[in-house]
>>> print(open('run-v8.txt').read())   # compact mmCIF, C-alpha atoms
# COMPACT_ATOMS: atom_id res chain seq x y z
CA MET A 8 89.55 79.31 -12.56
CA SER A 9 85.85 78.87 -13.16
CA ALA A 10 83.00 80.39 -11.21
CA GLU A 11 80.72 78.35 -9.01
CA PRO A 12 77.86 76.71 -10.93
CA GLU A 13 74.57 78.57 -10.84
CA VAL A 14 71.83 76.80 -8.90
CA SER A 15 69.54 79.79 -8.57
CA THR A 16 67.88 81.80 -11.29
CA GLY A 17 67.03 84.51 -8.80
CA ALA A 18 69.08 87.33 -7.39
CA LEU A 19 71.50 85.03 -5.58
CA ASN A 20 73.70 82.14 -6.59
CA LEU A 21 72.93 79.80 -3.72
CA ALA A 22 75.95 77.60 -4.45
CA VAL A 23 78.24 80.50 -3.53
CA LEU A 24 76.44 81.01 -0.24
CA ALA A 25 76.58 77.28 0.44
CA GLY A 26 80.33 77.30 -0.09
CA LEU A 27 80.73 80.15 2.36
CA ARG A 28 78.43 78.41 4.85
CA GLU A 29 80.57 75.29 4.60
CA LEU A 30 83.70 77.26 5.38
CA GLU A 31 81.87 79.04 8.19
CA SER A 32 80.83 75.75 9.76
CA ALA A 33 84.27 74.24 9.41
CA CYS A 34 85.96 77.21 11.04
CA GLY A 35 83.33 78.18 13.59
CA VAL A 36 83.42 81.86 12.69
CA ASP A 37 80.95 84.21 11.05
CA ILE A 38 81.53 84.80 7.37
CA VAL A 39 78.24 85.15 5.54
CA THR A 40 76.67 87.78 7.75
CA SER A 41 79.78 89.94 7.82
CA ILE A 42 80.36 89.65 4.09
CA ALA A 43 76.71 90.38 3.34
CA ALA A 44 76.97 93.52 5.46
CA MET A 45 80.15 94.55 3.63
CA PHE A 46 78.49 93.93 0.28
CA CYS A 47 75.42 96.03 1.11
CA GLN A 48 77.51 98.91 2.42
CA ASP A 49 80.24 98.84 -0.25
CA SER A 50 77.85 98.36 -3.15
CA ARG A 51 75.83 101.40 -2.16
CA THR A 52 79.08 103.37 -2.13
CA SER A 53 80.04 101.92 -5.52
CA LEU A 54 76.60 102.69 -6.94
CA THR A 55 76.99 106.30 -5.88
CA ALA A 56 80.40 106.34 -7.57
CA VAL A 57 78.94 104.79 -10.74
CA ARG A 58 76.17 107.39 -10.83
CA ALA A 59 78.67 110.23 -10.34
CA ALA A 60 80.96 108.87 -13.04
CA VAL A 61 78.07 108.59 -15.50
CA GLU A 62 77.07 112.18 -14.79
CA THR A 63 80.62 113.50 -15.15
CA GLN A 64 81.47 111.10 -18.02
CA GLN A 65 84.61 109.88 -16.27
CA THR A 66 85.14 106.58 -18.05
CA GLY A 67 88.06 105.42 -15.92
CA ASP A 68 86.21 106.06 -12.67
CA LEU A 69 83.13 104.36 -14.07
CA LEU A 70 85.01 101.19 -15.02
CA GLN A 71 86.80 101.11 -11.68
CA ALA A 72 83.56 101.41 -9.70
CA LEU A 73 81.82 98.77 -11.82
CA HIS A 74 84.72 96.35 -11.51
CA LYS A 75 84.83 96.78 -7.75
CA MET A 76 81.09 96.24 -7.49
CA ARG A 77 81.26 93.14 -9.69
CA GLY A 78 83.89 91.54 -7.49
CA ALA A 79 81.96 92.27 -4.32
CA ALA A 80 78.76 90.91 -5.86
CA ALA A 81 80.47 87.74 -7.05
CA ASN A 82 81.89 87.07 -3.59
CA ILE A 83 78.44 86.95 -1.98
CA GLY A 84 76.72 85.26 -4.91
CA ALA A 85 74.80 88.30 -6.15
CA SER A 86 75.08 86.96 -9.65
CA GLN A 87 72.60 89.29 -11.35
CA VAL A 88 74.35 92.36 -9.96
CA ALA A 89 77.65 90.97 -11.22
CA ALA A 90 76.10 90.26 -14.63
CA VAL A 91 74.77 93.80 -15.02
CA CYS A 92 78.14 95.20 -13.94
CA LEU A 93 79.85 93.13 -16.62
CA GLN A 94 77.36 94.26 -19.27
CA PHE A 95 77.84 97.84 -18.14
CA GLU A 96 81.65 97.52 -18.29
CA THR A 97 81.40 96.12 -21.81
CA SER A 98 79.18 99.03 -22.88
CA VAL A 99 81.64 101.52 -21.43
CA GLU A 100 84.57 99.87 -23.18
CA ARG A 101 82.63 100.08 -26.45
CA GLY A 102 81.71 103.71 -25.83
CA GLN A 103 77.97 103.04 -25.84
CA GLY A 104 77.12 106.15 -23.81
CA PRO A 105 73.38 106.27 -24.52
CA SER A 106 72.88 102.95 -22.71
CA TYR A 107 74.48 104.07 -19.47
CA VAL A 108 71.40 105.55 -17.80
CA GLN A 109 69.33 102.47 -18.54
CA LEU A 110 72.09 100.20 -17.23
CA LEU A 111 72.42 102.35 -14.13
CA ASP A 112 68.71 101.88 -13.43
CA ARG A 113 69.02 98.12 -13.94
CA LEU A 114 72.03 98.00 -11.65
CA ALA A 115 70.15 99.83 -8.91
CA ASP A 116 67.18 97.48 -9.33
CA GLU A 117 69.32 94.34 -9.19
CA LEU A 118 71.22 95.63 -6.18
CA GLY A 119 67.92 96.16 -4.39
CA ARG A 120 66.80 92.63 -5.30
CA ALA A 121 70.06 91.15 -4.06
CA GLU A 122 69.86 93.04 -0.78
CA ARG A 123 66.29 91.86 -0.20
CA ALA A 124 67.22 88.26 -1.06
CA LEU A 125 70.17 88.37 1.30
CA ALA A 126 67.94 89.72 4.05
CA VAL A 127 65.59 86.78 3.55
CA VAL A 128 68.41 84.23 3.52
CA LEU A 129 69.99 85.66 6.64
CA ALA A 130 66.63 85.86 8.43
CA VAL A 131 65.96 82.20 7.70
CA ASP A 132 69.35 81.26 9.10
CA MET B 27 98.66 88.97 12.26
CA LEU B 28 95.57 86.94 12.90
CA THR B 29 96.28 83.38 13.83
CA THR B 30 98.40 80.80 15.58
CA SER B 31 101.39 79.57 13.65
CA SER B 32 102.32 76.33 11.95
CA GLY B 33 105.36 77.90 10.35
CA HIS B 34 103.55 78.79 7.12
CA VAL B 35 103.09 82.44 6.24
CA ALA B 36 100.63 83.99 3.79
CA VAL B 37 100.14 87.51 2.49
CA VAL B 38 96.71 88.55 1.20
CA ALA B 39 96.62 91.76 -0.83
CA ASP B 40 93.18 92.96 -1.89
CA ASP B 41 91.30 96.22 -1.53
CA ASP B 42 88.05 94.27 -1.11
CA GLY B 43 87.30 93.56 2.53
CA ALA B 44 85.11 90.55 1.84
CA THR B 45 87.84 88.80 -0.13
CA ARG B 46 90.35 89.49 2.64
CA ARG B 47 87.91 88.06 5.16
CA ILE B 48 87.20 84.85 3.22
CA LEU B 49 90.85 84.17 2.51
CA THR B 50 91.93 84.95 6.06
CA VAL B 51 89.44 82.47 7.52
CA LEU B 52 90.43 79.84 4.98
CA LEU B 53 94.17 80.30 5.48
CA GLU B 54 93.87 80.32 9.24
CA ARG B 55 92.04 77.03 8.99
CA HIS B 56 95.21 75.71 7.36
CA LEU B 57 97.23 77.27 10.21
CA TYR B 58 98.87 79.97 8.14
CA VAL B 59 100.00 83.18 9.76
CA VAL B 60 98.15 85.75 7.66
CA TRP B 61 99.30 89.27 6.86
CA LEU B 62 97.03 91.69 5.05
CA ALA B 63 97.61 94.52 2.59
CA VAL B 64 94.99 96.73 0.94
CA ASP B 65 97.10 98.04 -1.93
CA GLY B 66 99.90 96.89 -4.17
CA ARG B 67 102.70 99.01 -2.73
CA ALA B 68 101.98 97.80 0.79
CA ALA B 69 101.91 94.25 -0.56
CA ILE B 70 105.37 94.55 -2.07
CA ASP B 71 106.79 95.81 1.23
CA LEU B 72 104.97 93.17 3.25
CA ILE B 73 106.12 90.33 1.01
CA ALA B 74 109.73 91.52 1.20
CA ASP B 75 109.49 91.73 4.97
CA LYS B 76 107.58 88.52 5.77
CA GLN B 77 108.94 86.19 3.07
CA PRO B 78 105.60 84.34 2.78
CA ASP B 79 105.06 80.83 1.49
CA VAL B 80 101.87 81.87 -0.32
CA VAL B 81 100.67 85.19 -1.70
CA PHE B 82 97.16 86.12 -2.83
CA LEU B 83 97.01 89.17 -5.10
CA ASP B 84 94.01 91.10 -6.36
CA ALA B 85 94.52 91.70 -10.07
CA GLN B 86 93.21 95.26 -9.80
CA MET B 87 94.04 97.16 -6.65
CA PRO B 88 95.33 100.66 -5.88
CA GLY B 89 99.01 101.52 -5.84
CA ALA B 90 100.27 98.66 -7.95
CA ASP B 91 98.06 96.03 -9.55
CA GLY B 92 98.53 92.34 -8.93
CA TYR B 93 100.49 91.83 -12.13
CA GLU B 94 103.01 94.50 -11.17
CA VAL B 95 103.32 93.09 -7.67
CA CYS B 96 103.93 89.58 -8.99
CA ARG B 97 106.46 90.83 -11.51
CA THR B 98 108.29 92.61 -8.68
CA ILE B 99 108.25 89.53 -6.45
CA ARG B 100 109.68 87.34 -9.17
CA ALA B 101 112.36 89.88 -10.09
CA GLU B 102 113.47 90.92 -6.62
CA SER B 103 113.27 87.79 -4.49
CA PRO B 104 116.47 85.81 -4.77
CA GLY B 105 116.23 82.09 -4.13
CA ARG B 106 113.06 81.11 -2.31
CA GLN B 107 109.87 82.20 -4.03
CA PRO B 108 106.27 82.22 -2.79
CA TRP B 109 103.37 80.49 -4.54
CA VAL B 110 101.28 83.25 -6.08
CA PHE B 111 97.50 83.13 -6.48
CA MET B 112 95.86 85.92 -8.47
CA ILE B 113 92.26 86.86 -7.74
CA THR B 114 90.07 88.71 -10.19
CA ALA B 115 86.47 89.48 -11.02
CA ALA B 116 87.49 89.22 -14.66
CA GLY B 117 88.58 85.99 -16.26
CA GLN B 118 89.46 86.70 -19.83
CA ASP B 119 92.09 84.71 -21.70
CA ALA B 120 94.23 87.84 -21.98
CA ASP B 121 94.19 88.22 -18.19
CA ARG B 122 95.30 84.62 -17.74
CA GLN B 123 98.03 85.03 -20.34
CA LEU B 124 99.37 88.12 -18.64
CA ALA B 125 99.22 86.35 -15.28
CA LEU B 126 101.26 83.51 -16.69
CA GLU B 127 103.81 85.91 -18.12
CA VAL B 128 104.42 87.63 -14.78
CA GLY B 129 104.77 84.34 -12.89
CA VAL B 130 101.37 83.70 -11.31
CA ASP B 131 100.81 80.08 -10.26
CA GLN B 132 97.04 79.97 -9.86
CA PHE B 133 94.36 82.21 -11.31
CA LEU B 134 91.15 82.57 -9.27
CA THR B 135 87.98 84.05 -10.71
CA LYS B 136 85.40 85.32 -8.25
CA PRO B 137 83.41 83.65 -6.86
CA PHE B 138 86.04 81.06 -6.07
CA SER B 139 85.21 77.86 -4.24
CA PRO B 140 86.56 77.78 -0.66
CA SER B 141 86.53 73.98 -0.65
CA GLN B 142 88.52 73.73 -3.88
CA LEU B 143 90.96 76.36 -2.72
CA SER B 144 91.33 74.45 0.53
CA GLU B 145 92.33 71.38 -1.47
CA GLN B 146 94.89 73.41 -3.38
CA LEU B 147 96.41 74.64 -0.14
CA LYS B 148 96.74 71.04 1.02
CA GLN B 149 98.47 70.19 -2.24
CA LEU B 150 100.90 73.08 -1.81
CA SER B 151 102.13 71.65 1.45
CA ARG B 152 103.19 68.51 -0.42
CA LEU B 153 105.04 70.29 -3.22
CA PRO B 154 108.75 71.04 -3.33
CA GLU B 155 109.96 74.58 -2.88
CA HIS B 156 108.85 77.01 -5.57
CA THR B 157 111.31 77.53 -8.39
CA GLY B 158 110.12 80.95 -9.43
CA GLN B 159 108.57 79.68 -12.64
CA GLY B 160 104.89 80.47 -13.03
CA GLN B 161 102.76 77.33 -12.98
CA ILE B 162 99.41 78.71 -14.00
CA GLY B 163 96.30 76.74 -13.18
CA GLN B 164 92.64 77.27 -12.49
CA GLN B 165 89.78 75.81 -10.50
CA GLU B 166 87.40 73.74 -12.60
>>> encode(input="run-v8.txt", output="structure tokens")
Amino acid sequence: MSAEPEVSTGALNLAVLAGLRELESACGVDIVTSIAAMFCQDSRTSLTAVRAAVETQQTGDLLQALHKMRGAAANIGASQVAAVCLQFETSVERGQGPSYVQLLDRLADELGRAERALAVVLAVD
Amino acid sequence: MLTTSSGHVAVVADDDGATRRILTVLLERHLYVVWLAVDGRAAIDLIADKQPDVVFLDAQMPGADGYEVCRTIRAESPGRQPWVFMITAAGQDADRQLALEVGVDQFLTKPFSPSQLSEQLKQLSRLPEHTGQGQIGQQE
């Protein structure tokens, strides 16, 4: 099953948010705000787990944390976070250890961008 | 249990809270009674107990992954079988092939489209009872 088409080159895939908004309107319940809150909280936990796994060189834990973070990011349309997670997972699978610290920094940066973008989107709503 | 009933039952098994939330809202809109599990072992027990019409499985979750859960469902449920949707952040050909082999009917890659999934749920209500043979498909 394919992913939603990208309509934003920024931190968020606005088509994903639009799809969630549509469901929200149809059902009359909050979805976006609650999922955004889950994403921000869970991703910070996952980022901590990624950092710990890099430091301890626990490859299995690292892949698990990255995969979890990628899924959460995809759900809310944080496409750049998901993309960095995928790149990071690929590097881990290939054993490209020297790139991990740089990818960790990029992941933290993209997570921050996504959180700020979500805050703007939710404030506008 | 989270909704009023139309006679249809769904089980959602995913360790990601956001996915559980999205699917619950969507399924309740289609008047499914929704039961939730956060790991594979709980999912197997829940499916055996509730005999759902539809099951949503996270490919990678604690306890038993979605592939193992689906394999168990197909092996242990005599007669009536649920429709099985597998949800994953990955979407490689090998994942789809394995899903097909264990009897998954639909393969969802995050982010999935609620509107397209809604259409698929409508289609399910018009299909005959599941035969137990995997009928893999994907949103396009």
>>> interface_residues(input="run-v8.txt", of="chain A", to="chain B", cutoff="10 Å", atoms="all atoms listed in the file", output="PyMOL selection string")
chain A and resi 8-12+20+22-31+33-39+41-46+49+71+74-86+89+93
>>> axis_aligned_box(input="run-v8.txt", around="stretch 28-37 of chain A", padding_each_side="8 Å", output="lines of an AutoDock Vina configuration file")
center_x = 82.2
center_y = 79.2
center_z = 9.1
size_x = 23.5
size_y = 26.0
size_z = 25.0
>>> residues_around(input="run-v8.txt", residues="A:Thr97", least_positions_apart="3", cutoff="12 Å", atoms="only C-alpha atoms", output="CSV table (one decimal) with C-alpha atoms, in the coordinates of the input")
chain,number,residue,atom,x,y,z
A,66,THR,CA,85.1,106.6,-18.0
A,69,LEU,CA,83.1,104.4,-14.1
A,70,LEU,CA,85.0,101.2,-15.0
A,73,LEU,CA,81.8,98.8,-11.8
A,74,HIS,CA,84.7,96.4,-11.5
A,90,ALA,CA,76.1,90.3,-14.6
A,91,VAL,CA,74.8,93.8,-15.0
A,92,CYS,CA,78.1,95.2,-13.9
A,93,LEU,CA,79.8,93.1,-16.6
A,94,GLN,CA,77.4,94.3,-19.3
A,100,GLU,CA,84.6,99.9,-23.2
A,101,ARG,CA,82.6,100.1,-26.4
A,102,GLY,CA,81.7,103.7,-25.8
A,103,GLN,CA,78.0,103.0,-25.8
A,104,GLY,CA,77.1,106.2,-23.8
A,106,SER,CA,72.9,103.0,-22.7
A,107,TYR,CA,74.5,104.1,-19.5
A,110,LEU,CA,72.1,100.2,-17.2
B,116,ALA,CA,87.5,89.2,-14.7
>>> atom_distance(input="run-v8.txt", atom1="atom CA of B:Glu94", atom2="atom CA of B:Val37")
15.6 Å
>>> atom_distance(input="run-v8.txt", atom1="atom CA of A:Leu54", atom2="atom CA of B:Thr50")
26.8 Å
>>> atom_distance(input="run-v8.txt", atom1="atom CA of B:Leu57", atom2="atom CA of B:Arg152")
15.0 Å
>>> closest_residue(input="run-v8.txt", among="A:Leu111, A:Ala72, A:Val131, A:Leu125", to="A:Leu19", atoms="all atoms listed in the file")
A:Leu125
>>> closest_residue(input="run-v8.txt", among="B:Gln149, B:Ala74, B:Val59, B:Asp65", to="B:Glu102", atoms="only C-alpha atoms")
B:Ala74
>>> closest_residue(input="run-v8.txt", among="A:Val99, A:Leu21, A:Ala124, A:Leu118", to="A:Val61", atoms="all atoms listed in the file")
A:Val99
>>> closest_residue(input="run-v8.txt", among="B:Arg100, B:Ser151, B:Asp121, B:Pro108", to="B:Lys76", atoms="all atoms listed in the file")
B:Pro108
>>> decode(input="run-v8.txt", residues="stretch 87-102 of chain A", atoms="all heavy atoms", output="compact mmCIF listing (two decimals), in the first residue's frame")
# COMPACT_ATOMS: atom_id res chain seq x y z
N GLN A 87 10.06 14.25 6.98
CA GLN A 87 11.53 14.36 7.03
C GLN A 87 12.10 13.54 8.19
O GLN A 87 13.17 12.94 8.07
CB GLN A 87 11.95 15.82 7.14
CG GLN A 87 11.57 16.66 5.92
CD GLN A 87 12.12 16.08 4.62
OE1 GLN A 87 13.30 15.73 4.53
NE2 GLN A 87 11.27 15.94 3.62
N VAL A 88 11.39 13.51 9.30
CA VAL A 88 11.82 12.66 10.41
C VAL A 88 11.81 11.20 9.96
O VAL A 88 12.77 10.45 10.20
CB VAL A 88 10.91 12.84 11.64
CG1 VAL A 88 11.26 11.83 12.73
CG2 VAL A 88 11.02 14.26 12.18
N ALA A 89 10.74 10.82 9.29
CA ALA A 89 10.63 9.43 8.81
C ALA A 89 11.75 9.12 7.83
O ALA A 89 12.33 8.02 7.85
CB ALA A 89 9.26 9.21 8.16
N ALA A 90 12.08 10.08 6.97
CA ALA A 90 13.13 9.86 5.97
C ALA A 90 14.50 9.67 6.62
O ALA A 90 15.27 8.79 6.22
CB ALA A 90 13.17 11.03 4.99
N VAL A 91 14.78 10.48 7.63
CA VAL A 91 16.07 10.34 8.32
C VAL A 91 16.12 9.01 9.08
O VAL A 91 17.15 8.34 9.11
CB VAL A 91 16.34 11.53 9.26
CG1 VAL A 91 17.63 11.31 10.05
CG2 VAL A 91 16.42 12.83 8.47
N CYS A 92 15.01 8.63 9.67
CA CYS A 92 14.95 7.33 10.37
C CYS A 92 15.28 6.20 9.39
O CYS A 92 16.05 5.29 9.70
CB CYS A 92 13.57 7.10 10.97
SG CYS A 92 13.22 8.02 12.46
N LEU A 93 14.66 6.26 8.21
CA LEU A 93 14.91 5.22 7.21
C LEU A 93 16.38 5.19 6.79
O LEU A 93 17.00 4.11 6.69
CB LEU A 93 14.01 5.44 5.99
CG LEU A 93 14.18 4.44 4.84
CD1 LEU A 93 13.93 3.01 5.30
CD2 LEU A 93 13.24 4.80 3.70
N GLN A 94 16.94 6.37 6.56
CA GLN A 94 18.36 6.45 6.18
C GLN A 94 19.24 5.89 7.31
O GLN A 94 20.21 5.16 7.05
CB GLN A 94 18.73 7.90 5.90
CG GLN A 94 20.15 8.06 5.38
CD GLN A 94 20.50 9.52 5.10
OE1 GLN A 94 19.66 10.41 5.16
NE2 GLN A 94 21.76 9.76 4.78
N PHE A 95 18.87 6.22 8.52
CA PHE A 95 19.62 5.75 9.69
C PHE A 95 19.52 4.22 9.78
O PHE A 95 20.53 3.52 10.00
CB PHE A 95 19.04 6.41 10.95
CG PHE A 95 19.99 6.53 12.10
CD1 PHE A 95 19.79 7.51 13.06
CD2 PHE A 95 21.09 5.68 12.26
CE1 PHE A 95 20.65 7.65 14.14
CE2 PHE A 95 21.95 5.81 13.35
CZ PHE A 95 21.73 6.79 14.28
N GLU A 96 18.31 3.69 9.62
CA GLU A 96 18.13 2.23 9.67
C GLU A 96 18.98 1.54 8.61
O GLU A 96 19.61 0.50 8.87
CB GLU A 96 16.66 1.87 9.44
CG GLU A 96 15.74 2.20 10.62
CD GLU A 96 14.28 1.92 10.29
OE1 GLU A 96 13.93 0.77 10.02
OE2 GLU A 96 13.49 2.89 10.27
N THR A 97 19.01 2.12 7.41
CA THR A 97 19.81 1.53 6.33
C THR A 97 21.29 1.54 6.69
O THR A 97 22.01 0.55 6.46
CB THR A 97 19.58 2.33 5.02
OG1 THR A 97 18.19 2.30 4.71
CG2 THR A 97 20.36 1.71 3.86
N SER A 98 21.75 2.64 7.29
CA SER A 98 23.16 2.73 7.70
C SER A 98 23.49 1.68 8.75
O SER A 98 24.56 1.06 8.72
CB SER A 98 23.45 4.13 8.26
OG SER A 98 23.39 5.08 7.23
N VAL A 99 22.56 1.49 9.68
CA VAL A 99 22.79 0.49 10.73
C VAL A 99 22.86 -0.91 10.13
O VAL A 99 23.74 -1.71 10.47
CB VAL A 99 21.67 0.57 11.80
CG1 VAL A 99 21.82 -0.57 12.81
CG2 VAL A 99 21.70 1.92 12.50
N GLU A 100 21.93 -1.19 9.22
CA GLU A 100 21.92 -2.52 8.59
C GLU A 100 23.19 -2.78 7.79
O GLU A 100 23.62 -3.92 7.65
CB GLU A 100 20.68 -2.64 7.70
CG GLU A 100 19.39 -2.79 8.51
CD GLU A 100 18.13 -2.55 7.68
OE1 GLU A 100 18.24 -2.15 6.52
OE2 GLU A 100 17.05 -2.75 8.24
N ARG A 101 23.79 -1.70 7.29
CA ARG A 101 25.04 -1.84 6.51
C ARG A 101 26.27 -1.72 7.40
O ARG A 101 27.40 -1.77 6.89
CB ARG A 101 25.09 -0.77 5.42
CG ARG A 101 24.05 -0.97 4.34
CD ARG A 101 24.05 0.15 3.34
NE ARG A 101 23.06 -0.07 2.28
CZ ARG A 101 22.71 0.84 1.37
NH1 ARG A 101 23.29 2.04 1.38
NH2 ARG A 101 21.80 0.57 0.46
N GLY A 102 26.05 -1.50 8.69
CA GLY A 102 27.18 -1.42 9.61
C GLY A 102 28.04 -0.18 9.45
O GLY A 102 29.25 -0.22 9.69
